[in-house]
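Okay, so here's the structure we're looking at.
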Amino acid sequence: MMRRWIGILLLFSVLLSSCSGGQQTVTPASSGLPADAAALAAERGFTPDDVYAALKTYMPSGELDPYIMFSSGGQSGQVLVIGVPSMRILKVIAVFTPEPWQGFGFGGHGDQVLEDGYVNGYEIKWGDTHHPSLSETNGEYDGQFLFINDKANARLAVIDLRDFETKQIIKNPNAINDHGGAFVTPNTEYVIEGPQYAAPLGWEYASLDDYEEKYRGVITFWAFDRMSGRVIPDKSFQMELPPYWQDLCDAGKKVSDGWVFCNSFNVEMATGGIELGNPPFEAGVSRGDTDYLHIIDWKKAEQVYQAGKVETLNGMALIRLQTAIDEGLLFFTPEPKSPHGADVTPGGEFIVVGGKLDPHVTIYSFEKIQQAIAAGGLETDSYGVPVIPLDKVMEAQVELGLGPLHTVFDDKGYAYTSLFLDSAVARWTLGGPYDSLNPEDGWTLVQKLPVQYNIGHIAAAEGDTASPDGLYVVALNKWSIDRFANVGPLLPQNFQLVDITGSGAQMKLLYDMPIGMAEPHYAQIIKADKLNPFEVYPQVGWDPGTMALHPNAITSEDEARVERNGNVVEIWMTVLRSHFKPERIEIQKGDHVIWHLTSLEQTRDATHGFAISGYNINLSLEPGETQTIEFDAVMSGTFTYYCTEFCSALHLEMLGYLLVKP
Amino acid sequence: MRTSHLRAHTPEESEKKTMKKLFSSSLELVVLLPDGSRRRLIDFLIPSAILMSAALILIISMFLPYWRMTMTAPQYPKGLKVDVYVSRLEGDVREIDQLNHYLGMPPLDEGGKFERSISLTAIVVLGLLLIAGVFIGNQWAGVLALPALLFPFIFLADLYLILYKYGQSVDPTSPLGSAIEPFTPPLFGVGVIGQFGTIAEPRIGLYLAFIACAVILAGLWFHRRAYKPVVEAQQKLADKNQDNTAAS
């Protein structure tokens, strides 16, 4: 141990001395590394920075990452769980897409979760996951739940972090796509699902000629109940918005608790139609110099909802736009130009909006917003929403470079903004109460670190909470181009880990992580010790669907049995290394089969699978888990069921025969 | 009975003063034996206290593990443990049973079922017998203490028997039953079964039972020292009475 520390100290002294002389390759003589390590570094042509990056990220076997990143899985409809700083994928959580390893959508309780997310009964087999949001208490991640949206179908999913399984998918009855979700309020009172492309409410048909009158945005405040771990639609409400293509939202916190901020990017109300000689959307929505930052008083909106000043549309309580205006729930202020993101600073004082097509980030003061609202006398837009002049509420503008999108924060008063066009991460200083936390002046660009390439979102360790941790930023790059071996014309994305421990212009690139299964969007990074999942389910007979005992659980092999009632065959089966009980099941073609399976295991990692050949059934039965499958025996013949998760030396012997008589 | 022979011998003083003395120092109190000789009261209190503590130690041990088997294998980085209490098994019993079924070994719970079912009552009885010895002013106290003295040895002998039976009852029809020779897991020390290394070791409860033994022996020594003169005095008195009767 001592030797290792001395080695690291030596290494750092070498790094310091060699950094001044530029990035030369490590040589055995100069490095101060142990001879074999120095030889290896020299052989591979490592610079001192490479060695530093390797030592920062290497995780010896059995050592655990101090941070866990939950990343959207993009079009895979899943969520990635990644260890930071090692950047190892720990799990891929099935969310909107059937996933066989977790037995999600192949006969078990996940089927119902997926079915609840169908669009008017139409089966949806995927999701476009964008923004994961960890549940919060007092503006801090509490490690209990994770929410994520499906942009393609305007759906929201709830993942319980006790077992990292998706418990609920809820379809927004009045929207067909969303983008400004999921974002939680500081105590997870509500999960916010903001809209994207406007459509008539309930996505009824309406001609695009009637865009201004009939098309609308709708922001949803899903009430969340921690006890049941479910979104409660009956306690949730929505607010009608003008059809401005609201984009990304963030809830205020601390001083701005009770408010929500969303950027928008089609105040022009362009309706496309390039084929008709109209400007294409890309030009039409970018024509104006400014769009509107939406400022929503959600606590007041909640009172308006509770006072019953709502309409019910498709079963959802809806605050009409006129009510929102009359009650003072909604305000606008200009934001330049085709903006992106609306990120609230840790203390809630400022809202940062990226310019996207403008080289600045614009910083709004919440205090000034309050003063302007209180002063009144505001002009309105064409729908009657009060618009606060930009100069009344702008705190600062910082020129960062081209394509500023998203901003996250650290503990030293720095903000980090992704620059899509520049392919860079910009580190800049916050002013106001953050000014004293670092040596530089407030509202100043400090460093631009090139990343590879086309960065979209950016994540920092607890970087969007009330108290960011600093240490790491991850650049979620859309293109990887030359970073990895060629795997054909569809390339992996590139997650790049950046070291932000040093102050000033000392950000360092540490590690490239290819994501070869989808294009993720946002990610959040939580301190690992805030998560406290089950090692095994708390009791034999646990139903992960309800997080309670399953009514058809059995706790011993003596209770395993088959019962017939007319043409309904009900089976209670135990699962334990390395056998199912019963092992022979004989039924008639046409029987309706209800099959309860209970894993009697209580040992960590002793997971079994359960597949029935020919019937598209596969379950994952984790220790203690009970699941029920139901199917009609439509095919006669001899079928096998077997364990699909290697469980023991006699795993192959873990099977049974399902005999279906013609 | 002892009490009939014990009379506090105090100077002619007011009752108040006597009480004060009783509470302030029993060391000065003396006991008048039937033959007229005097012993200090403390001599009789010491063995009582020691035997009662022995009973207490034994009863405390009921709540603590007596023996532990630890099994280690690559895929169990924390090891598997079973802690044997006089009345129950704790630890990874379920998983050890699960693994043992491959070898066709009976569930751990099968061994010593009867012993465990009576153990709590038995230990309380042993403790009560010890305490009874406090009220018996002769060598029968030693006889009453004997079961408690032997208890840890009986425990170990029984455990050995259980382990022996356990290793001999391999079910030949189990998956690996035919591959295992009958064996006796060690009572103490290390062993190997398949990929598992085993460590068997005594635990705090068993140590306490042995400590109780030592305490009982000490108690009996003091008991003998206190009551032997009483018994002898009684004997002398009886002999004298007999002589008198014979003489008349």
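Scheme for the structure tokens: letters A, B, ... for chains in order shown; per-chain residue numbers from 1; ligand numbers from 1 in order shown.
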Would you list the contacts of segment 39-41 of chain B as a PyMOL selection string, taking every protein, DNA or RNA residue within 6 Å and counting only C-alpha atoms, but skipping same-chain residues closer than 4 positions in sequence?
chain B and resi 29-31
With only C-alpha atoms considered, list every residue of chain A at most 8 Å from chain B, as a PyMOL selection string.
chain A and resi 577+601-603
Written file, previous selection with all heavy atoms, as a PDB file, in the first residue's frame:
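Everything below was put into again11.pdb:
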ATOM      1  N   ARG A 577     -32.202 -24.239  -7.358  1.00  0.00           N
ATOM      2  CA  ARG A 577     -31.111 -25.009  -7.948  1.00  0.00           C
ATOM      3  C   ARG A 577     -31.245 -26.487  -7.617  1.00  0.00           C
ATOM      4  O   ARG A 577     -31.383 -26.858  -6.456  1.00  0.00           O
ATOM      5  CB  ARG A 577     -29.754 -24.499  -7.422  1.00  0.00           C
ATOM      6  CG  ARG A 577     -29.237 -23.256  -8.122  1.00  0.00           C
ATOM      7  CD  ARG A 577     -28.165 -22.596  -7.326  1.00  0.00           C
ATOM      8  NE  ARG A 577     -28.749 -21.969  -6.144  1.00  0.00           N
ATOM      9  CZ  ARG A 577     -28.027 -21.572  -5.093  1.00  0.00           C
ATOM     10  NH1 ARG A 577     -26.717 -21.781  -5.053  1.00  0.00           N
ATOM     11  NH2 ARG A 577     -28.610 -21.004  -4.064  1.00  0.00           N
ATOM     12  N   GLU A 601     -34.999 -19.324  -3.947  1.00  0.00           N
ATOM     13  CA  GLU A 601     -33.624 -18.896  -3.654  1.00  0.00           C
ATOM     14  C   GLU A 601     -33.615 -17.677  -2.746  1.00  0.00           C
ATOM     15  O   GLU A 601     -34.504 -16.834  -2.793  1.00  0.00           O
ATOM     16  CB  GLU A 601     -32.903 -18.526  -4.958  1.00  0.00           C
ATOM     17  CG  GLU A 601     -32.810 -19.638  -5.976  1.00  0.00           C
ATOM     18  CD  GLU A 601     -31.795 -20.690  -5.603  1.00  0.00           C
ATOM     19  OE1 GLU A 601     -31.131 -20.548  -4.551  1.00  0.00           O
ATOM     20  OE2 GLU A 601     -31.674 -21.675  -6.361  1.00  0.00           O
ATOM     21  N   GLN A 602     -32.577 -17.561  -1.917  1.00  0.00           N
ATOM     22  CA  GLN A 602     -32.368 -16.346  -1.130  1.00  0.00           C
ATOM     23  C   GLN A 602     -30.913 -15.912  -1.188  1.00  0.00           C
ATOM     24  O   GLN A 602     -30.467 -15.083  -0.411  1.00  0.00           O
ATOM     25  CB  GLN A 602     -32.773 -16.590   0.330  1.00  0.00           C
ATOM     26  CG  GLN A 602     -34.271 -16.524   0.544  1.00  0.00           C
ATOM     27  CD  GLN A 602     -34.785 -15.090   0.519  1.00  0.00           C
ATOM     28  OE1 GLN A 602     -34.797 -14.406   1.505  1.00  0.00           O
ATOM     29  NE2 GLN A 602     -35.199 -14.618  -0.659  1.00  0.00           N
ATOM     30  N   THR A 603     -30.188 -16.493  -2.147  1.00  0.00           N
ATOM     31  CA  THR A 603     -28.754 -16.215  -2.247  1.00  0.00           C
ATOM     32  C   THR A 603     -28.501 -15.201  -3.344  1.00  0.00           C
ATOM     33  O   THR A 603     -29.063 -15.308  -4.433  1.00  0.00           O
ATOM     34  CB  THR A 603     -28.009 -17.523  -2.558  1.00  0.00           C
ATOM     35  OG1 THR A 603     -28.191 -18.389  -1.453  1.00  0.00           O
ATOM     36  CG2 THR A 603     -26.531 -17.279  -2.773  1.00  0.00           C
TER      37      THR A 603
END
Selection near segment 109-117 of chain B, 9 Å with only C-alpha atoms, sequence-local residues under 4 positions removed, as a ChimeraX atom specification
/B:85-89,93,97,121,158-159,162-163,165-166
Export, as a tab-separated table (two decimals), in the first residue's frame, the selected residues with C-alpha atoms.
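So part.tsv came out as:
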chain	number	residue	atom	x	y	z
B	85	TYR	CA	-27.16	-21.97	19.33
B	86	VAL	CA	-28.47	-24.44	21.91
B	87	SER	CA	-31.97	-23.82	20.62
B	88	ARG	CA	-31.59	-22.83	16.98
B	89	LEU	CA	-29.45	-22.47	13.88
B	93	VAL	CA	-28.64	-22.34	6.61
B	97	ASP	CA	-28.99	-26.83	2.63
B	121	THR	CA	-35.99	-25.76	29.39
B	158	ASP	CA	-24.00	-34.59	20.95
B	159	LEU	CA	-22.74	-32.24	18.23
B	162	ILE	CA	-25.01	-35.17	14.89
B	163	LEU	CA	-22.11	-34.38	12.55
B	165	LYS	CA	-24.80	-39.06	11.45
B	166	TYR	CA	-25.00	-36.13	9.05
Fewer than 2 positions away in the same chain doesn't count, so skip those; otherwise give me all residues within 12 Å of Ala132 of chain B, counting only C-alpha atoms, as a PDB file with N, CA and C atoms, in the first residue's frame.
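Now in out22.pdb:
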ATOM      1  N   SER B  48     -22.945 -19.058  47.729  1.00  0.00           N
ATOM      2  CA  SER B  48     -24.265 -18.812  47.151  1.00  0.00           C
ATOM      3  C   SER B  48     -24.141 -17.881  45.965  1.00  0.00           C
ATOM      4  N   LEU B  51     -22.384 -19.633  42.936  1.00  0.00           N
ATOM      5  CA  LEU B  51     -23.224 -20.615  42.233  1.00  0.00           C
ATOM      6  C   LEU B  51     -24.326 -19.904  41.446  1.00  0.00           C
ATOM      7  N   MET B  52     -24.862 -18.842  42.046  1.00  0.00           N
ATOM      8  CA  MET B  52     -25.889 -18.087  41.326  1.00  0.00           C
ATOM      9  C   MET B  52     -25.308 -17.436  40.074  1.00  0.00           C
ATOM     10  N   ALA B  55     -25.084 -19.973  37.379  1.00  0.00           N
ATOM     11  CA  ALA B  55     -26.394 -20.195  36.764  1.00  0.00           C
ATOM     12  C   ALA B  55     -26.691 -19.079  35.765  1.00  0.00           C
ATOM     13  N   VAL B 125     -33.475 -25.520  33.847  1.00  0.00           N
ATOM     14  CA  VAL B 125     -33.475 -26.529  34.919  1.00  0.00           C
ATOM     15  C   VAL B 125     -32.074 -26.651  35.529  1.00  0.00           C
ATOM     16  N   LEU B 126     -31.053 -26.693  34.672  1.00  0.00           N
ATOM     17  CA  LEU B 126     -29.669 -26.775  35.174  1.00  0.00           C
ATOM     18  C   LEU B 126     -29.372 -25.590  36.088  1.00  0.00           C
ATOM     19  N   GLY B 127     -29.817 -24.417  35.642  1.00  0.00           N
ATOM     20  CA  GLY B 127     -29.595 -23.203  36.440  1.00  0.00           C
ATOM     21  C   GLY B 127     -30.320 -23.295  37.771  1.00  0.00           C
ATOM     22  N   LEU B 128     -31.568 -23.768  37.721  1.00  0.00           N
ATOM     23  CA  LEU B 128     -32.351 -23.883  38.960  1.00  0.00           C
ATOM     24  C   LEU B 128     -31.707 -24.877  39.919  1.00  0.00           C
ATOM     25  N   LEU B 129     -31.170 -25.984  39.360  1.00  0.00           N
ATOM     26  CA  LEU B 129     -30.491 -26.973  40.210  1.00  0.00           C
ATOM     27  C   LEU B 129     -29.298 -26.332  40.915  1.00  0.00           C
ATOM     28  N   LEU B 130     -28.552 -25.527  40.141  1.00  0.00           N
ATOM     29  CA  LEU B 130     -27.404 -24.826  40.738  1.00  0.00           C
ATOM     30  C   LEU B 130     -27.861 -23.937  41.883  1.00  0.00           C
ATOM     31  N   VAL B 134     -27.591 -23.733  46.522  1.00  0.00           N
ATOM     32  CA  VAL B 134     -27.362 -22.643  47.463  1.00  0.00           C
ATOM     33  C   VAL B 134     -28.099 -22.907  48.781  1.00  0.00           C
ATOM     34  N   PHE B 135     -29.262 -23.555  48.649  1.00  0.00           N
ATOM     35  CA  PHE B 135     -30.095 -23.783  49.841  1.00  0.00           C
ATOM     36  C   PHE B 135     -29.814 -25.125  50.499  1.00  0.00           C
ATOM     37  N   ILE B 136     -28.892 -25.851  49.927  1.00  0.00           N
ATOM     38  CA  ILE B 136     -28.586 -27.156  50.503  1.00  0.00           C
ATOM     39  C   ILE B 136     -27.214 -27.085  51.137  1.00  0.00           C
ATOM     40  N   GLY B 137     -27.187 -27.273  52.430  1.00  0.00           N
ATOM     41  CA  GLY B 137     -25.929 -27.087  53.159  1.00  0.00           C
ATOM     42  C   GLY B 137     -25.126 -28.352  53.287  1.00  0.00           C
ATOM     43  N   ASN B 138     -25.094 -29.179  52.258  1.00  0.00           N
ATOM     44  CA  ASN B 138     -24.262 -30.371  52.362  1.00  0.00           C
ATOM     45  C   ASN B 138     -23.751 -30.804  50.999  1.00  0.00           C
ATOM     46  N   TRP B 140     -24.749 -32.751  48.817  1.00  0.00           N
ATOM     47  CA  TRP B 140     -25.700 -32.955  47.726  1.00  0.00           C
ATOM     48  C   TRP B 140     -25.714 -31.778  46.750  1.00  0.00           C
ATOM     49  N   ALA B 141     -25.296 -30.634  47.231  1.00  0.00           N
ATOM     50  CA  ALA B 141     -25.171 -29.485  46.336  1.00  0.00           C
ATOM     51  C   ALA B 141     -24.274 -29.823  45.157  1.00  0.00           C
ATOM     52  N   GLY B 142     -23.223 -30.571  45.406  1.00  0.00           N
ATOM     53  CA  GLY B 142     -22.310 -30.999  44.341  1.00  0.00           C
ATOM     54  C   GLY B 142     -23.005 -31.880  43.331  1.00  0.00           C
ATOM     55  N   VAL B 143     -23.846 -32.737  43.802  1.00  0.00           N
ATOM     56  CA  VAL B 143     -24.584 -33.633  42.903  1.00  0.00           C
ATOM     57  C   VAL B 143     -25.536 -32.801  42.030  1.00  0.00           C
ATOM     58  N   LEU B 144     -26.179 -31.809  42.668  1.00  0.00           N
ATOM     59  CA  LEU B 144     -27.103 -30.976  41.907  1.00  0.00           C
ATOM     60  C   LEU B 144     -26.363 -30.172  40.840  1.00  0.00           C
ATOM     61  N   ALA B 145     -25.103 -29.846  41.104  1.00  0.00           N
ATOM     62  CA  ALA B 145     -24.326 -29.030  40.158  1.00  0.00           C
ATOM     63  C   ALA B 145     -23.758 -29.870  39.023  1.00  0.00           C
TER      64      ALA B 145
END
Using only C-alpha atoms, which of A:Ala475, A:Val79, A:Leu509, A:Met573 sits nearest Phe495 of chain A?
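Nearest candidate to Phe495 of chain A out of A:Ala475, A:Val79, A:Leu509, A:Met573: A:Ala475.
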Looking only at the backbone, which of the residues in segment 85-280 of chain A does DSSP tag as helix (DSSP H, G or I), as a PyMOL selection string?
chain A and resi 110-115+201-203+208-214+254-256+274-276
Hey, can you spit out that residue selection with C-alpha atoms as an mmCIF file, in the first residue's frame?
data_model
loop_
_atom_site.group_PDB
_atom_site.id
_atom_site.type_symbol
_atom_site.label_atom_id
_atom_site.label_comp_id
_atom_site.auth_asym_id
_atom_site.auth_seq_id
_atom_site.Cartn_x
_atom_site.Cartn_y
_atom_site.Cartn_z
ATOM 1 C CA GLY A 110 -43.614 -6.612 -17.358
ATOM 2 C CA ASP A 111 -46.271 -7.377 -19.981
ATOM 3 C CA GLN A 112 -48.840 -5.385 -18.044
ATOM 4 C CA VAL A 113 -46.429 -2.476 -17.565
ATOM 5 C CA LEU A 114 -45.844 -2.370 -21.326
ATOM 6 C CA GLU A 115 -49.526 -2.780 -22.082
ATOM 7 C CA LEU A 201 -54.951 18.430 -27.591
ATOM 8 C CA GLY A 202 -55.549 14.689 -27.607
ATOM 9 C CA TRP A 203 -53.880 14.691 -31.041
ATOM 10 C CA LEU A 208 -52.165 22.673 -40.363
ATOM 11 C CA ASP A 209 -53.981 25.673 -41.815
ATOM 12 C CA ASP A 210 -55.633 25.950 -38.393
ATOM 13 C CA TYR A 211 -52.310 25.730 -36.582
ATOM 14 C CA GLU A 212 -52.615 28.916 -34.522
ATOM 15 C CA GLU A 213 -56.172 28.230 -33.387
ATOM 16 C CA LYS A 214 -56.153 24.496 -32.892
ATOM 17 C CA LYS A 254 -34.373 26.737 -3.194
ATOM 18 C CA VAL A 255 -35.146 30.437 -3.850
ATOM 19 C CA SER A 256 -37.054 29.585 -7.030
ATOM 20 C CA ILE A 274 -41.062 22.521 -48.121
ATOM 21 C CA GLU A 275 -42.839 20.525 -50.832
ATOM 22 C CA LEU A 276 -45.356 23.377 -51.131
#
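Residue nearest Asn263 of chain A, chosen from A:Asn314, A:Ser436, A:Ser135, A:Ser338 and counting only C-alpha atoms: A:Ser338.
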Distance in Å - atom CA of Asp83 of chain B versus atom CA of Pro65 of chain B
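Between these atoms lies a distance of 5.8 Å.
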Taking only C-alpha atoms into account, name the residue in A:Val385, A:Leu419, A:Ile515, A:Leu430 that is nearest to Ser365 of chain A.
A:Leu430
9 Å contact set for Val215 of chain B, only C-alpha atoms, chain neighbours under 3 positions out, as a PyMOL selection string
chain B and resi 50-51+53-54+210-212+218-220
Neighbour list for Glu302 of chain A as an MDAnalysis selection string, cut-off 10 Å, only C-alpha atoms, skip fewer than 3 positions in-chain:
chainID A and resid 221 235:238 258 297:299 305:308 319 329
List the neighbours of Glu140 of chain A out to 10 Å using only C-alpha atoms; skip same-chain residues closer than 4 positions along the sequence, and give me the result as a short mmCIF file (atom, residue, chain, number, x, y, z; two decimals) with N, CA and C atoms, in the first residue's frame.
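Saved as around12.cif:
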data_model
loop_
_atom_site.label_atom_id
_atom_site.label_comp_id
_atom_site.auth_asym_id
_atom_site.auth_seq_id
_atom_site.Cartn_x
_atom_site.Cartn_y
_atom_site.Cartn_z
N LEU A 134 -33.80 11.55 -11.58
CA LEU A 134 -33.82 10.87 -10.28
C LEU A 134 -34.74 11.61 -9.33
N SER A 135 -35.41 10.85 -8.48
CA SER A 135 -36.28 11.49 -7.49
C SER A 135 -35.43 12.34 -6.55
N GLU A 136 -36.01 13.42 -6.06
CA GLU A 136 -35.27 14.36 -5.23
C GLU A 136 -35.99 14.65 -3.92
N PRO A 186 -38.50 19.87 -6.60
CA PRO A 186 -37.43 19.57 -5.63
C PRO A 186 -37.76 18.49 -4.60
N ASN A 187 -39.02 18.24 -4.33
CA ASN A 187 -39.35 17.12 -3.44
C ASN A 187 -40.16 16.05 -4.15
N LYS A 253 -35.45 25.61 -7.78
CA LYS A 253 -35.19 25.02 -6.47
C LYS A 253 -34.73 26.11 -5.51
N PRO A 346 -27.50 25.84 -8.88
CA PRO A 346 -27.72 25.04 -7.67
C PRO A 346 -28.58 25.73 -6.61
N GLU A 462 -23.81 14.83 -9.69
CA GLU A 462 -24.87 15.53 -8.97
C GLU A 462 -25.01 16.97 -9.51
N ASP A 464 -26.98 18.67 -11.46
CA ASP A 464 -28.18 19.49 -11.58
C ASP A 464 -28.97 19.51 -10.27
N THR A 465 -28.25 19.23 -9.16
CA THR A 465 -28.91 19.25 -7.85
C THR A 465 -28.61 20.56 -7.13
N ALA A 466 -29.10 20.66 -5.92
CA ALA A 466 -28.85 21.86 -5.11
C ALA A 466 -27.41 21.93 -4.60
N SER A 467 -26.69 20.79 -4.64
CA SER A 467 -25.28 20.81 -4.21
C SER A 467 -24.45 19.87 -5.08
N PRO A 468 -23.98 20.37 -6.23
CA PRO A 468 -23.17 19.54 -7.13
C PRO A 468 -21.87 19.11 -6.45
N ILE A 526 -25.27 10.11 -9.90
CA ILE A 526 -25.60 10.14 -8.46
C ILE A 526 -24.47 9.50 -7.67
#
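Atom CA of Gly194 of chain B sits 26.4 Å away from atom CA of Tyr642 of chain A.
Comparing A:Arg216, A:His457, A:Arg226, A:Arg604 by their smallest distance to Glu240 of chain A, the closest is A:Arg216 (using only C-alpha atoms).
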